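Shown below: final-v8.pdb, with PDB, C-alpha atoms.
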```pdb
ATOM      1  CA  MET A   1     -17.201  37.261   6.120
ATOM      2  CA  ARG A   2     -13.772  37.005   4.523
ATOM      3  CA  VAL A   3     -11.209  35.191   6.639
ATOM      4  CA  MET A   4      -8.840  38.185   6.530
ATOM      5  CA  ASP A   5     -11.520  40.243   8.290
ATOM      6  CA  VAL A   6     -10.720  38.268  11.445
ATOM      7  CA  PHE A   7      -7.661  40.472  11.932
ATOM      8  CA  SER A   8      -9.800  43.577  12.217
ATOM      9  CA  LYS A   9     -12.050  42.206  14.970
ATOM     10  CA  LYS A  10     -11.773  42.999  18.660
ATOM     11  CA  PRO A  11     -10.814  39.985  20.829
ATOM     12  CA  THR A  12     -14.195  40.103  22.585
ATOM     13  CA  GLU A  13     -15.934  39.735  19.212
ATOM     14  CA  MET A  14     -13.965  36.691  18.083
ATOM     15  CA  ARG A  15     -15.087  33.080  17.944
ATOM     16  CA  GLY A  16     -12.811  30.240  19.037
ATOM     17  CA  TYR A  17     -11.241  29.617  15.644
ATOM     18  CA  GLU A  18     -10.814  33.365  15.121
ATOM     19  CA  ARG A  19      -8.898  33.731  18.375
ATOM     20  CA  TYR A  20      -6.695  30.885  17.166
ATOM     21  CA  LEU A  21      -6.078  32.446  13.743
ATOM     22  CA  ILE A  22      -5.136  35.857  15.122
ATOM     23  CA  ARG A  23      -1.771  34.544  16.307
ATOM     24  CA  PHE A  24      -0.751  34.028  12.672
ATOM     25  CA  ARG A  25      -1.164  37.663  11.672
ATOM     26  CA  GLY A  26       1.994  38.739   9.859
ATOM     27  CA  TYR A  27       3.098  35.132   9.331
ATOM     28  CA  ILE A  28       0.360  33.654   7.120
ATOM     29  CA  THR A  29      -0.676  36.227   4.546
ATOM     30  CA  GLU A  30      -2.392  34.137   1.877
ATOM     31  CA  PRO A  31      -6.179  34.129   2.479
ATOM     32  CA  TRP A  32      -6.560  30.603   1.076
ATOM     33  CA  GLN A  33      -4.045  29.274   3.598
ATOM     34  CA  LEU A  34      -5.946  30.897   6.448
ATOM     35  CA  GLU A  35      -9.119  29.348   5.029
ATOM     36  CA  LYS A  36      -7.494  25.909   5.186
ATOM     37  CA  MET A  37      -6.415  26.537   8.767
ATOM     38  CA  MET A  38      -9.906  27.638   9.742
ATOM     39  CA  LEU A  39     -11.375  24.567   8.029
ATOM     40  CA  SER A  40      -9.006  22.210   9.858
ATOM     41  CA  TYR A  41      -9.989  23.749  13.216
ATOM     42  CA  ARG A  42     -13.682  23.297  12.473
ATOM     43  CA  LEU A  43     -13.158  19.814  11.057
ATOM     44  CA  GLY A  44     -11.188  18.698  14.112
ATOM     45  CA  LYS A  45     -13.905  20.038  16.384
ATOM     46  CA  TRP A  46     -16.591  18.279  14.349
ATOM     47  CA  GLY A  47     -14.667  15.007  14.001
ATOM     48  CA  HIS A  48     -14.125  14.625  17.733
ATOM     49  CA  ARG A  49     -17.505  15.914  18.895
ATOM     50  CA  GLY A  50     -18.787  13.984  21.875
ATOM     51  CA  GLU A  51     -15.313  12.593  22.667
ATOM     52  CA  TYR A  52     -13.617  13.158  26.003
ATOM     53  CA  ARG A  53     -10.160  12.763  27.507
ATOM     54  CA  GLY A  54      -9.369  10.177  30.175
ATOM     55  CA  ASP A  55     -11.109  12.155  32.910
ATOM     56  CA  LYS A  56     -14.427  11.790  31.014
ATOM     57  CA  VAL A  57     -14.988  15.515  31.515
ATOM     58  CA  THR A  58     -12.525  17.373  29.257
ATOM     59  CA  TYR A  59     -13.514  17.557  25.608
ATOM     60  CA  TYR A  60     -11.035  15.916  23.227
ATOM     61  CA  LEU A  61     -10.798  19.213  21.371
ATOM     62  CA  LYS A  62      -8.539  20.449  24.176
ATOM     63  CA  HIS A  63      -5.908  17.903  23.177
ATOM     64  CA  LEU A  64      -5.924  19.183  19.595
ATOM     65  CA  ARG A  65      -5.611  22.735  20.886
ATOM     66  CA  ASP A  66      -2.738  21.706  23.179
ATOM     67  CA  VAL A  67      -0.825  20.258  20.218
ATOM     68  CA  ALA A  68      -1.583  23.321  18.091
ATOM     69  CA  ASP A  69      -0.385  25.601  20.908
ATOM     70  CA  LEU A  70       2.824  23.617  21.290
ATOM     71  CA  ILE A  71       3.596  24.052  17.596
ATOM     72  CA  SER A  72       2.558  27.667  17.092
ATOM     73  CA  VAL A  73       3.197  29.232  20.509
ATOM     74  CA  GLU A  74       5.846  27.223  22.360
ATOM     75  CA  LEU A  75       7.882  26.325  19.269
ATOM     76  CA  GLY A  76       6.915  29.496  17.454
ATOM     77  CA  ILE A  77       6.195  27.782  14.129
ATOM     78  CA  LYS A  78       3.657  30.251  12.766
ATOM     79  CA  ASP A  79       4.736  30.486   9.138
ATOM     80  CA  ASP A  80       3.960  26.876   8.157
ATOM     81  CA  TRP A  81       0.229  26.560   7.574
ATOM     82  CA  LYS A  82       0.457  22.850   6.766
ATOM     83  CA  MET A  83       1.992  21.951  10.119
ATOM     84  CA  ASN A  84      -0.676  23.893  11.959
ATOM     85  CA  VAL A  85      -3.431  22.278   9.888
ATOM     86  CA  VAL A  86      -2.140  18.802  10.751
ATOM     87  CA  CYS A  87      -2.353  19.580  14.479
ATOM     88  CA  TRP A  88      -6.135  19.593  14.180
ATOM     89  CA  LEU A  89      -6.318  16.547  11.899
ATOM     90  CA  HIS A  90      -3.703  14.167  13.320
ATOM     91  CA  ASP A  91      -6.261  11.919  15.063
ATOM     92  CA  MET A  92      -9.066  12.217  12.522
ATOM     93  CA  LEU A  93      -8.532   8.865  10.794
ATOM     94  CA  GLU A  94      -8.642   7.065  14.125
ATOM     95  CA  SER A  95     -12.031   8.638  14.860
ATOM     96  CA  ASP A  96     -13.385   7.102  11.606
ATOM     97  CA  LYS A  97     -15.074  10.390  10.701
ATOM     98  CA  ILE A  98     -13.161  11.095   7.492
ATOM     99  CA  THR A  99     -11.114   9.312   4.830
ATOM    100  CA  LEU A 100      -7.692  10.067   3.429
ATOM    101  CA  ASP A 101      -9.258  10.777   0.043
ATOM    102  CA  LYS A 102     -11.482  13.422   1.627
ATOM    103  CA  ILE A 103      -8.508  14.977   3.414
ATOM    104  CA  GLU A 104      -6.633  15.138   0.116
ATOM    105  CA  ARG A 105      -9.558  16.827  -1.623
ATOM    106  CA  LEU A 106      -9.819  19.428   1.134
ATOM    107  CA  PHE A 107      -6.156  20.054   1.960
ATOM    108  CA  GLY A 108      -3.930  18.516  -0.707
ATOM    109  CA  VAL A 109      -1.622  15.540  -1.080
ATOM    110  CA  THR A 110       1.000  16.680   1.474
ATOM    111  CA  ILE A 111      -1.550  16.961   4.284
ATOM    112  CA  ARG A 112      -2.952  13.575   3.302
ATOM    113  CA  TYR A 113       0.531  12.031   3.527
ATOM    114  CA  TRP A 114       1.297  13.622   6.888
ATOM    115  CA  VAL A 115      -2.024  12.607   8.441
ATOM    116  CA  ASP A 116      -1.513   9.066   7.177
ATOM    117  CA  LEU A 117       1.938   8.888   8.774
ATOM    118  CA  LEU A 118       0.581  10.210  12.078
ATOM    119  CA  SER A 119      -2.324   7.757  12.163
ATOM    120  CA  LYS A 120      -1.986   4.485  14.019
ATOM    121  CA  GLY A 121      -2.959   1.533  11.869
ATOM    122  CA  ASP A 122      -4.741  -1.642  12.937
ATOM    123  CA  ASP A 123      -1.406  -3.302  13.702
ATOM    124  CA  TYR A 124      -0.329  -0.619  16.207
ATOM    125  CA  ILE A 125      -1.242  -2.610  19.324
ATOM    126  CA  ASN A 126       0.861  -5.595  18.230
ATOM    127  CA  ASP A 127       3.746  -3.674  16.648
ATOM    128  CA  LYS A 128       4.130  -0.164  18.062
ATOM    129  CA  PHE A 129       7.725   0.127  16.904
ATOM    130  CA  SER A 130       6.645  -0.098  13.254
ATOM    131  CA  TYR A 131       4.691   3.139  13.754
ATOM    132  CA  ILE A 132       7.827   5.012  14.836
ATOM    133  CA  ARG A 133       9.951   3.243  12.227
ATOM    134  CA  ARG A 134       7.573   4.398   9.491
ATOM    135  CA  MET A 135       8.064   8.026  10.530
ATOM    136  CA  LYS A 136      11.834   7.640  10.536
ATOM    137  CA  GLU A 137      11.836   6.065   7.097
ATOM    138  CA  ALA A 138       9.671   8.896   5.755
ATOM    139  CA  GLY A 139      12.178  11.407   7.090
ATOM    140  CA  SER A 140       9.570  14.152   7.456
ATOM    141  CA  ILE A 141      10.778  16.703   9.994
ATOM    142  CA  GLU A 142       7.340  18.288  10.131
ATOM    143  CA  VAL A 143       5.569  15.021  10.923
ATOM    144  CA  ILE A 144       8.046  14.070  13.646
ATOM    145  CA  ILE A 145       7.738  17.488  15.298
ATOM    146  CA  VAL A 146       3.941  17.184  15.373
ATOM    147  CA  LYS A 147       4.178  13.627  16.715
ATOM    148  CA  LEU A 148       6.523  14.684  19.510
ATOM    149  CA  ALA A 149       4.248  17.624  20.327
ATOM    150  CA  ASP A 150       1.373  15.145  20.505
ATOM    151  CA  ARG A 151       3.329  12.981  22.927
ATOM    152  CA  VAL A 152       4.319  15.956  25.108
ATOM    153  CA  ALA A 153       0.687  17.094  25.243
ATOM    154  CA  ASN A 154      -0.361  13.604  26.337
ATOM    155  CA  LEU A 155       2.347  13.411  29.004
ATOM    156  CA  ARG A 156       1.288  16.765  30.410
ATOM    157  CA  THR A 157      -2.240  15.466  30.887
ATOM    158  CA  LEU A 158      -1.447  12.011  32.274
ATOM    159  CA  GLY A 159      -3.288  12.990  35.424
ATOM    160  CA  MET A 160      -6.552  13.038  33.505
ATOM    161  CA  LYS A 161      -6.483   9.254  33.586
ATOM    162  CA  PRO A 162      -5.543   8.356  37.174
ATOM    163  CA  ASP A 163      -4.552   4.794  36.345
ATOM    164  CA  PRO A 164      -0.971   4.088  37.500
ATOM    165  CA  THR A 165      -0.624   1.178  35.070
ATOM    166  CA  PHE A 166      -1.531   3.396  32.122
ATOM    167  CA  GLN A 167       0.690   6.231  33.316
ATOM    168  CA  ILE A 168       3.725   3.965  33.762
ATOM    169  CA  LYS A 169       3.091   2.444  30.323
ATOM    170  CA  GLN A 170       3.044   5.895  28.711
ATOM    171  CA  ILE A 171       6.288   6.911  30.411
ATOM    172  CA  ARG A 172       8.034   3.670  29.439
ATOM    173  CA  GLU A 173       6.892   4.058  25.835
ATOM    174  CA  THR A 174       8.254   7.584  25.806
ATOM    175  CA  ASN A 175      11.645   6.455  27.098
ATOM    176  CA  ALA A 176      11.827   3.494  24.724
ATOM    177  CA  GLU A 177      10.525   5.097  21.539
ATOM    178  CA  TYR A 178      10.068   8.847  21.605
ATOM    179  CA  LEU A 179      13.362   9.986  23.116
ATOM    180  CA  GLU A 180      15.158   8.134  20.339
ATOM    181  CA  LEU A 181      12.794   9.696  17.817
ATOM    182  CA  ALA A 182      13.672  13.133  19.211
ATOM    183  CA  ASP A 183      17.392  12.402  18.762
ATOM    184  CA  TYR A 184      16.704  11.259  15.218
ATOM    185  CA  LEU A 185      14.819  14.505  14.572
ATOM    186  CA  ILE A 186      17.734  16.618  15.755
ATOM    187  CA  GLY A 187      19.988  14.836  13.262
ATOM    188  CA  LEU A 188      17.536  15.454  10.426
ATOM    189  CA  MET A 189      17.174  19.124  11.311
ATOM    190  CA  ALA A 190      20.931  19.644  11.441
ATOM    191  CA  LYS A 191      21.194  18.455   7.833
ATOM    192  CA  SER A 192      18.257  20.505   6.569
ATOM    193  CA  SER A 193      18.890  23.866   4.913
ATOM    194  CA  HIS A 194      15.365  24.925   5.896
ATOM    195  CA  TRP A 195      15.492  23.914   9.540
ATOM    196  CA  ASN A 196      19.159  24.602  10.278
ATOM    197  CA  THR A 197      18.760  28.373  10.159
ATOM    198  CA  PRO A 198      18.866  31.081  12.857
ATOM    199  CA  ALA A 199      15.071  31.376  12.717
ATOM    200  CA  ARG A 200      14.616  27.646  13.412
ATOM    201  CA  ARG A 201      17.471  26.679  15.697
ATOM    202  CA  HIS A 202      15.527  27.476  18.867
ATOM    203  CA  ILE A 203      13.353  24.448  18.114
ATOM    204  CA  GLY A 204      16.077  22.108  19.239
ATOM    205  CA  ILE A 205      19.119  21.719  17.019
ATOM    206  CA  HIS A 206      21.536  23.294  19.487
TER     207      HIS A 206
END
```
Spell out the structure here as C-alpha cells.
Amino acid sequence: MRVMDVFSKKPTEMRGYERYLIRFRGYITEPWQLEKMMLSYRLGKWGHRGEYRGDKVTYYLKHLRDVADLISVELGIKDDWKMNVVCWLHDMLESDKITLDKIERLFGVTIRYWVDLLSKGDDYINDKFSYIRRMKEAGSIEVIIVKLADRVANLRTLGMKPDPTFQIKQIRETNAEYLELADYLIGLMAKSSHWNTPARRHIGIH
C-alpha cells in the first residue's frame, strides 16, 4: 500500500503509525517525506522494544509518542517532517540499536546531526552541562525545541518513578539547565526569519 493511501482510510481501519500520520494531512504532501516519518515511527518502536518507563509497566514507546504529540499537536509543528522524525529517534543511539551511519543512510545528514546532538554521550553523567552547551553552540532551533519537549514529557511522567530523590533531581536539573536553555531558544527564534513569523510565534517568542 502506498503511504498516501493512509489518508483515504477510515480511523477504525488504521494502524498505530497510520493514525499518527493522518494528523499531517494537508501539511506534508511529499510521499517520500511521509515514508520517512512512517519509517521513523516503526524504527523507534523496534529500537525500544521490551523497554519500559520507570513504573516498569508503561512501554517506552509512549514517551516517544508523548514527545511527538508535543511537537505536532501542542506546538502545532506539522509542516516540518524532519522535526517529527527526530521525535521517534532521539533516544535511539542510547539504546545501542542503531548507528549514526545507519541513521544517515535512512534519513539523511541533517537527521543524523540532530540525533547526535540529542544523544547523551558517555561523559554525560560527569559533565551534564556540556550536553546543554553543545546544543547552544550548535544553535539549532529545531533540536532545542525537541529537547525541551523531551524534558516536558519526562516531567509530566515523574510519577511513573515514585522515587523522591530522582524526582527532586529532575526538577533541580530543569531549573538549573533547561529554563536557561528555553530562554536561549527564545532569543534564537526572535532572530530567525523562519521562526519569527505569524505562523510560528505561538510557539513561544512572544
Once the PyMOL selection byres ((chain A and resi 5) around 12) has been evaluated on this model, what residues remain selected, and can you format them as a PyMOL selection string? chain A and resi 1-4+6-10+13-14+18+21-22+25+31+34-35
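Each of A:Met83, A:Met38, A:Met160, A:Met135 was compared to Lys56 in chain A using only C-alpha atoms, and A:Met160 turns out to be the nearest.
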Would you work out the distance separating CA of His90 in chain A from CA of Val115 in chain A, expressed in Å to one decimal? 5.4 Å
What residues come out when you apply the PyMOL selection byres ((chain A and resi 165-176) around 12) to this file, written as a PDB file with C-alpha atoms, in the coordinates of the input?
```pdb
ATOM      1  CA  GLY A  54      -9.369  10.177  30.175  1.00  0.00           C
ATOM      2  CA  LYS A 128       4.130  -0.164  18.062  1.00  0.00           C
ATOM      3  CA  PHE A 129       7.725   0.127  16.904  1.00  0.00           C
ATOM      4  CA  ILE A 132       7.827   5.012  14.836  1.00  0.00           C
ATOM      5  CA  LYS A 147       4.178  13.627  16.715  1.00  0.00           C
ATOM      6  CA  LEU A 148       6.523  14.684  19.510  1.00  0.00           C
ATOM      7  CA  ASP A 150       1.373  15.145  20.505  1.00  0.00           C
ATOM      8  CA  ARG A 151       3.329  12.981  22.927  1.00  0.00           C
ATOM      9  CA  VAL A 152       4.319  15.956  25.108  1.00  0.00           C
ATOM     10  CA  ALA A 153       0.687  17.094  25.243  1.00  0.00           C
ATOM     11  CA  ASN A 154      -0.361  13.604  26.337  1.00  0.00           C
ATOM     12  CA  LEU A 155       2.347  13.411  29.004  1.00  0.00           C
ATOM     13  CA  ARG A 156       1.288  16.765  30.410  1.00  0.00           C
ATOM     14  CA  THR A 157      -2.240  15.466  30.887  1.00  0.00           C
ATOM     15  CA  LEU A 158      -1.447  12.011  32.274  1.00  0.00           C
ATOM     16  CA  GLY A 159      -3.288  12.990  35.424  1.00  0.00           C
ATOM     17  CA  MET A 160      -6.552  13.038  33.505  1.00  0.00           C
ATOM     18  CA  LYS A 161      -6.483   9.254  33.586  1.00  0.00           C
ATOM     19  CA  PRO A 162      -5.543   8.356  37.174  1.00  0.00           C
ATOM     20  CA  ASP A 163      -4.552   4.794  36.345  1.00  0.00           C
ATOM     21  CA  PRO A 164      -0.971   4.088  37.500  1.00  0.00           C
ATOM     22  CA  GLU A 177      10.525   5.097  21.539  1.00  0.00           C
ATOM     23  CA  TYR A 178      10.068   8.847  21.605  1.00  0.00           C
ATOM     24  CA  LEU A 179      13.362   9.986  23.116  1.00  0.00           C
ATOM     25  CA  GLU A 180      15.158   8.134  20.339  1.00  0.00           C
ATOM     26  CA  LEU A 181      12.794   9.696  17.817  1.00  0.00           C
ATOM     27  CA  ALA A 182      13.672  13.133  19.211  1.00  0.00           C
ATOM     28  CA  ASP A 183      17.392  12.402  18.762  1.00  0.00           C
TER      29      ASP A 183
END
```
Using only C-alpha atoms, which residues sit within 10 Å of Glu51 in chain A once same-chain residues fewer than 6 positions away are excluded, as number ranges by chain? A: 45, 57-61, 95
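Ranking A:Gln33, A:Asn84, A:Ser119, A:Ser130 by their shortest atom-to-atom distance to Tyr20 in chain A, with all atoms listed in the file included, puts A:Asn84 first.
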List the spatial neighbours of range 87-89 of chain A as a JSON list (two decimals) with C-alpha atoms, keeping the file's coordinate frame - criterion: any atom at most 8 Å away, only C-alpha atoms, same-chain residues fewer than 3 positions off excluded.
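Now in part.json:
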```
[["chain", "number", "residue", "atom", "x", "y", "z"],
["A", 40, "SER", "CA", -9.01, 22.21, 9.86],
["A", 41, "TYR", "CA", -9.99, 23.75, 13.22],
["A", 43, "LEU", "CA", -13.16, 19.81, 11.06],
["A", 44, "GLY", "CA", -11.19, 18.70, 14.11],
["A", 64, "LEU", "CA", -5.92, 19.18, 19.60],
["A", 65, "ARG", "CA", -5.61, 22.74, 20.89],
["A", 67, "VAL", "CA", -0.82, 20.26, 20.22],
["A", 68, "ALA", "CA", -1.58, 23.32, 18.09],
["A", 83, "MET", "CA", 1.99, 21.95, 10.12],
["A", 84, "ASN", "CA", -0.68, 23.89, 11.96],
["A", 92, "MET", "CA", -9.07, 12.22, 12.52],
["A", 115, "VAL", "CA", -2.02, 12.61, 8.44],
["A", 146, "VAL", "CA", 3.94, 17.18, 15.37]]
```
Residue contacts of Arg200 in chain A (12 Å, only C-alpha atoms) excluding same-chain residues fewer than 6 positions away, as an mmCIF file with C-alpha atoms, in the frame of the given file:
```cif
data_model
loop_
_atom_site.group_PDB
_atom_site.id
_atom_site.type_symbol
_atom_site.label_atom_id
_atom_site.label_comp_id
_atom_site.auth_asym_id
_atom_site.auth_seq_id
_atom_site.Cartn_x
_atom_site.Cartn_y
_atom_site.Cartn_z
ATOM 1 C CA LEU A 75 7.882 26.325 19.269
ATOM 2 C CA GLY A 76 6.915 29.496 17.454
ATOM 3 C CA ILE A 77 6.195 27.782 14.129
ATOM 4 C CA LYS A 78 3.657 30.251 12.766
ATOM 5 C CA ASP A 79 4.736 30.486 9.138
ATOM 6 C CA ASP A 80 3.960 26.876 8.157
ATOM 7 C CA ILE A 186 17.734 16.618 15.755
ATOM 8 C CA MET A 189 17.174 19.124 11.311
ATOM 9 C CA ALA A 190 20.931 19.644 11.441
ATOM 10 C CA SER A 192 18.257 20.505 6.569
ATOM 11 C CA SER A 193 18.890 23.866 4.913
ATOM 12 C CA HIS A 194 15.365 24.925 5.896
ATOM 13 C CA HIS A 206 21.536 23.294 19.487
#
```
CA of Leu185 in chain A to CA of Trp114 in chain A, straight-line distance in Å: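 A separation of 15.6 Å between them.
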In terms of the shortest atom-to-atom distance over all atoms listed in the file, which of A:Ile71, A:Gly26, A:Lys36, A:Ala149 is closest to Ile103 in chain A? A:Lys36
